[in-house]
Amino acid sequence: APGAQWAARPERHVFFFMSGIGAGIVPGWERAIGRAVFVVAEGDREADYFRYGHDIVAPGKLSTPPARRWRPAASRPTIGVFRGALTATLRDAEGARVKKPNQLRRWLDELLSGEKGFVFSGHKSEEYVDELDDSRFCIIPRGNTPWTRRFFDAAVRGCIPAVLSDPVSFPFERLLDFRAFSLKLPERWAPQLAAELRATSAAALGALHAALWRAWPAFSYKEGGCAYEMILLELALRRRGGAAAGLRGYNSPTAFWTPSRGRFVLRNATKVGPSWGAGAVAH
């Protein structure tokens, strides 16, 4: 019986939570299902319902198809692009819709307004896919939670992700080395973002682009992608209790990397404004 199977091996059961609040949608989740593995769309290291190293972060839904061919990174005219909401749309504990300003994104909007070579906008555009294809870097600031699906849109169009989200946990982090095909900068370094992206050499840009070409299938469930297979590999790691050699622990809320600096640690790194959890609770 399913009840007997659960009682005998709860750690062999898998629950899928595809909303940003994960298992927080289940009252008393820790007591009821806490020993199971959760597959979640967002890895929020500061939320109690996500256990880093125990649960699995899976890619979210793409809003653009993967590109069959990529324009070379060095020939893309735009340095960095972002289009997305500057206000968090949430639901409180009673289910009512509430809006909260995204402090990090609004700060970046101010900093990059009028900055030559950059597009940063809180408005949608019918040219969104063309903008991804024409940009060397896609700016990926923290959203309602530490994750945003714009990372996946960027990856499948050859737009190198430049992440500003200190506590983010990446999909398949124990299988893929995100240092090879992305940048991660401290949120408090938002004023330095434009200079950091401009300082990336042609050689580094080419290396990032080539590594992203090898990695993008991990973020797509169709059209040449292998995201399902990556989830199965992660489950196999959980069963064996192991990790990919050399990849455990390179990312943390205080760990960052850029081509010019390599990996570095800022012990005093702090977020710009809160993330949001179940019931629109700030953290």
# chains A, B, ... in the order shown; residues from 1 in each chain; ligands from 1

$ select_by_dssp --residues "region 3-233 of chain A" --states "strand (DSSP E or B)" --output "PyMOL selection string"
chain A and resi 14-17+37-40+43-44+56-57+78-83+87-91+97-101+118-121+135-141+160-164+168-169+183-184

$ select_by_dssp --residues "region 170-235 of chain A" --states "alpha helix (DSSP H)" --output "list in words"
Leu193, Ala194, Ala195, Glu196, Leu197, Arg198, Ala202, Ala203, Ala204, Leu205, Gly206, Ala207, Leu208, His209, Ala210, Ala211, Leu212, Trp213, Arg214, Ala215, Ala227, Tyr228, Glu229, Met230, Ile231, Leu232, Leu233, Glu234 and Leu235 of chain A

$ write_last_selection --atoms "C-alpha atoms" --output "CSV table (one decimal), in the first residue's frame"
chain,number,residue,atom,x,y,z
A,193,LEU,CA,27.6,46.3,-13.4
A,194,ALA,CA,28.0,48.3,-16.6
A,195,ALA,CA,31.8,48.7,-16.1
A,196,GLU,CA,32.2,45.0,-15.3
A,197,LEU,CA,30.4,43.9,-18.5
A,198,ARG,CA,32.3,46.4,-20.6
A,202,ALA,CA,36.8,39.3,-26.4
A,203,ALA,CA,38.5,36.1,-25.5
A,204,ALA,CA,36.5,35.8,-22.3
A,205,LEU,CA,33.3,36.6,-24.1
A,206,GLY,CA,34.0,33.9,-26.7
A,207,ALA,CA,34.8,31.3,-23.9
A,208,LEU,CA,31.6,32.1,-22.1
A,209,HIS,CA,29.5,31.9,-25.3
A,210,ALA,CA,31.0,28.6,-26.2
A,211,ALA,CA,30.4,27.1,-22.8
A,212,LEU,CA,26.8,28.4,-22.9
A,213,TRP,CA,26.3,26.6,-26.2
A,214,ARG,CA,27.3,23.3,-24.5
A,215,ALA,CA,25.1,24.0,-21.5
A,227,ALA,CA,16.2,18.9,-18.7
A,228,TYR,CA,14.3,15.7,-17.9
A,229,GLU,CA,17.4,13.6,-18.0
A,230,MET,CA,19.2,16.1,-15.8
A,231,ILE,CA,16.4,15.7,-13.2
A,232,LEU,CA,16.9,12.0,-13.3
A,233,LEU,CA,20.7,12.4,-12.8
A,234,GLU,CA,20.1,14.6,-9.8
A,235,LEU,CA,17.7,12.0,-8.3

$ residues_around --residues "Leu183 (chain A)" --least-positions-apart "4" --cutoff "7 Å" --atoms "only C-alpha atoms" --output "MDAnalysis selection string"
chainID A and resid 161:163 179 257:258

$ closest_residue --among "A:Ser113, A:Arg238, A:Arg105, A:Phe172" --to "Pro274 (chain A)" --atoms "only C-alpha atoms"
A:Arg105

$ residues_around --residues "Asp48 (chain A)" --least-positions-apart "6" --cutoff "12 Å" --atoms "only C-alpha atoms" --output "PyMOL selection string"
chain A and resi 21-24+28-30+34+55+277-278+283

$ write_last_selection --atoms "N, CA, C and O atoms" --output "short mmCIF file (atom, residue, chain, number, x, y, z; two decimals), in the first residue's frame"
data_model
loop_
_atom_site.label_atom_id
_atom_site.label_comp_id
_atom_site.auth_asym_id
_atom_site.auth_seq_id
_atom_site.Cartn_x
_atom_site.Cartn_y
_atom_site.Cartn_z
N ILE A 21 6.71 29.59 -4.30
CA ILE A 21 6.70 29.39 -2.86
C ILE A 21 6.91 27.92 -2.49
O ILE A 21 6.94 27.58 -1.31
N GLY A 22 7.10 27.06 -3.47
CA GLY A 22 7.46 25.68 -3.21
C GLY A 22 6.54 24.97 -2.23
O GLY A 22 5.32 25.12 -2.26
N ALA A 23 7.14 24.20 -1.32
CA ALA A 23 6.36 23.43 -0.34
C ALA A 23 5.64 24.31 0.67
O ALA A 23 4.82 23.82 1.44
N GLY A 24 5.93 25.63 0.65
CA GLY A 24 5.23 26.54 1.55
C GLY A 24 3.73 26.57 1.31
O GLY A 24 2.97 27.06 2.15
N GLY A 28 2.10 22.73 7.33
CA GLY A 28 2.75 21.66 8.08
C GLY A 28 3.57 20.73 7.22
O GLY A 28 3.75 19.55 7.56
N TRP A 29 4.13 21.24 6.12
CA TRP A 29 4.86 20.39 5.17
C TRP A 29 6.03 19.65 5.82
O TRP A 29 6.29 18.50 5.48
N GLU A 30 6.71 20.31 6.76
CA GLU A 30 7.92 19.71 7.33
C GLU A 30 7.59 18.42 8.08
O GLU A 30 8.29 17.42 7.95
N GLY A 34 8.35 16.22 4.97
CA GLY A 34 9.67 16.83 5.00
C GLY A 34 10.82 15.92 4.63
O GLY A 34 11.87 16.39 4.21
N ASP A 55 16.94 19.13 -1.88
CA ASP A 55 15.94 19.31 -2.91
C ASP A 55 16.61 19.59 -4.26
O ASP A 55 17.80 19.89 -4.33
N GLY A 277 8.19 35.22 0.26
CA GLY A 277 7.85 33.81 0.41
C GLY A 277 6.36 33.60 0.42
O GLY A 277 5.57 34.44 -0.02
N ALA A 278 5.93 32.45 0.95
CA ALA A 278 4.52 32.12 1.02
C ALA A 278 3.76 33.19 1.82
O ALA A 278 4.24 33.68 2.83
N HIS A 283 11.53 38.26 3.32
CA HIS A 283 12.68 37.66 3.98
C HIS A 283 13.96 38.02 3.22
O HIS A 283 13.89 38.55 2.13
#

$ residues_around --residues "Asp44 (chain A)" --least-positions-apart "4" --cutoff "8 Å" --atoms "only C-alpha atoms" --output "count of residues only"
7

$ atom_distance --atom1 "CA of Ser201 (chain A)" --atom2 "CA of Pro72 (chain A)"
14.0 Å

$ residues_around --residues "region 86-103 of chain A" --least-positions-apart "5" --cutoff "9 Å" --atoms "only C-alpha atoms" --output "PDB file with C-alpha atoms, in the first residue's frame"
ATOM      1  CA  LEU A 108      19.295  49.117 -11.692  1.00  0.00           C
ATOM      2  CA  ASP A 109      16.700  50.978 -13.747  1.00  0.00           C
ATOM      3  CA  SER A 121      13.111  48.402 -19.016  1.00  0.00           C
ATOM      4  CA  GLY A 122      10.081  47.475 -16.952  1.00  0.00           C
ATOM      5  CA  HIS A 123       7.936  47.383 -20.093  1.00  0.00           C
ATOM      6  CA  ARG A 142      16.580  38.861  -8.356  1.00  0.00           C
ATOM      7  CA  GLY A 143      12.799  38.822  -8.782  1.00  0.00           C
ATOM      8  CA  ASN A 144      10.050  38.096  -6.243  1.00  0.00           C
ATOM      9  CA  VAL A 272      19.118  44.888  -1.908  1.00  0.00           C
ATOM     10  CA  GLY A 273      15.580  44.711  -0.555  1.00  0.00           C
ATOM     11  CA  PRO A 274      13.670  41.576   0.480  1.00  0.00           C
ATOM     12  CA  SER A 275      12.681  38.406  -1.328  1.00  0.00           C
ATOM     13  CA  TRP A 276       9.141  37.129  -0.838  1.00  0.00           C
ATOM     14  CA  ALA A 278       4.521  32.116   1.022  1.00  0.00           C
ATOM     15  CA  GLY A 279       1.788  34.561   1.992  1.00  0.00           C
ATOM     16  CA  ALA A 280       3.850  37.474   0.607  1.00  0.00           C
ATOM     17  CA  VAL A 281       6.120  37.303   3.653  1.00  0.00           C
TER      18      VAL A 281
END

$ residues_around --residues "Ala36 (chain A)" --least-positions-apart "4" --cutoff "10 Å" --atoms "only C-alpha atoms" --output "list in words"
Trp6, Arg9, Pro10, Glu11, Arg12, His13, Val14, Phe15, Glu30, Ala32, His54 and Asp55 of chain A

$ atom_distance --atom1 "CA of Arg51 (chain A)" --atom2 "CA of Ile33 (chain A)"
12.8 Å

$ closest_residue --among "A:Arg263, A:Arg69, A:Arg149, A:Lys222" --to "Asn251 (chain A)" --atoms "only C-alpha atoms"
A:Arg263
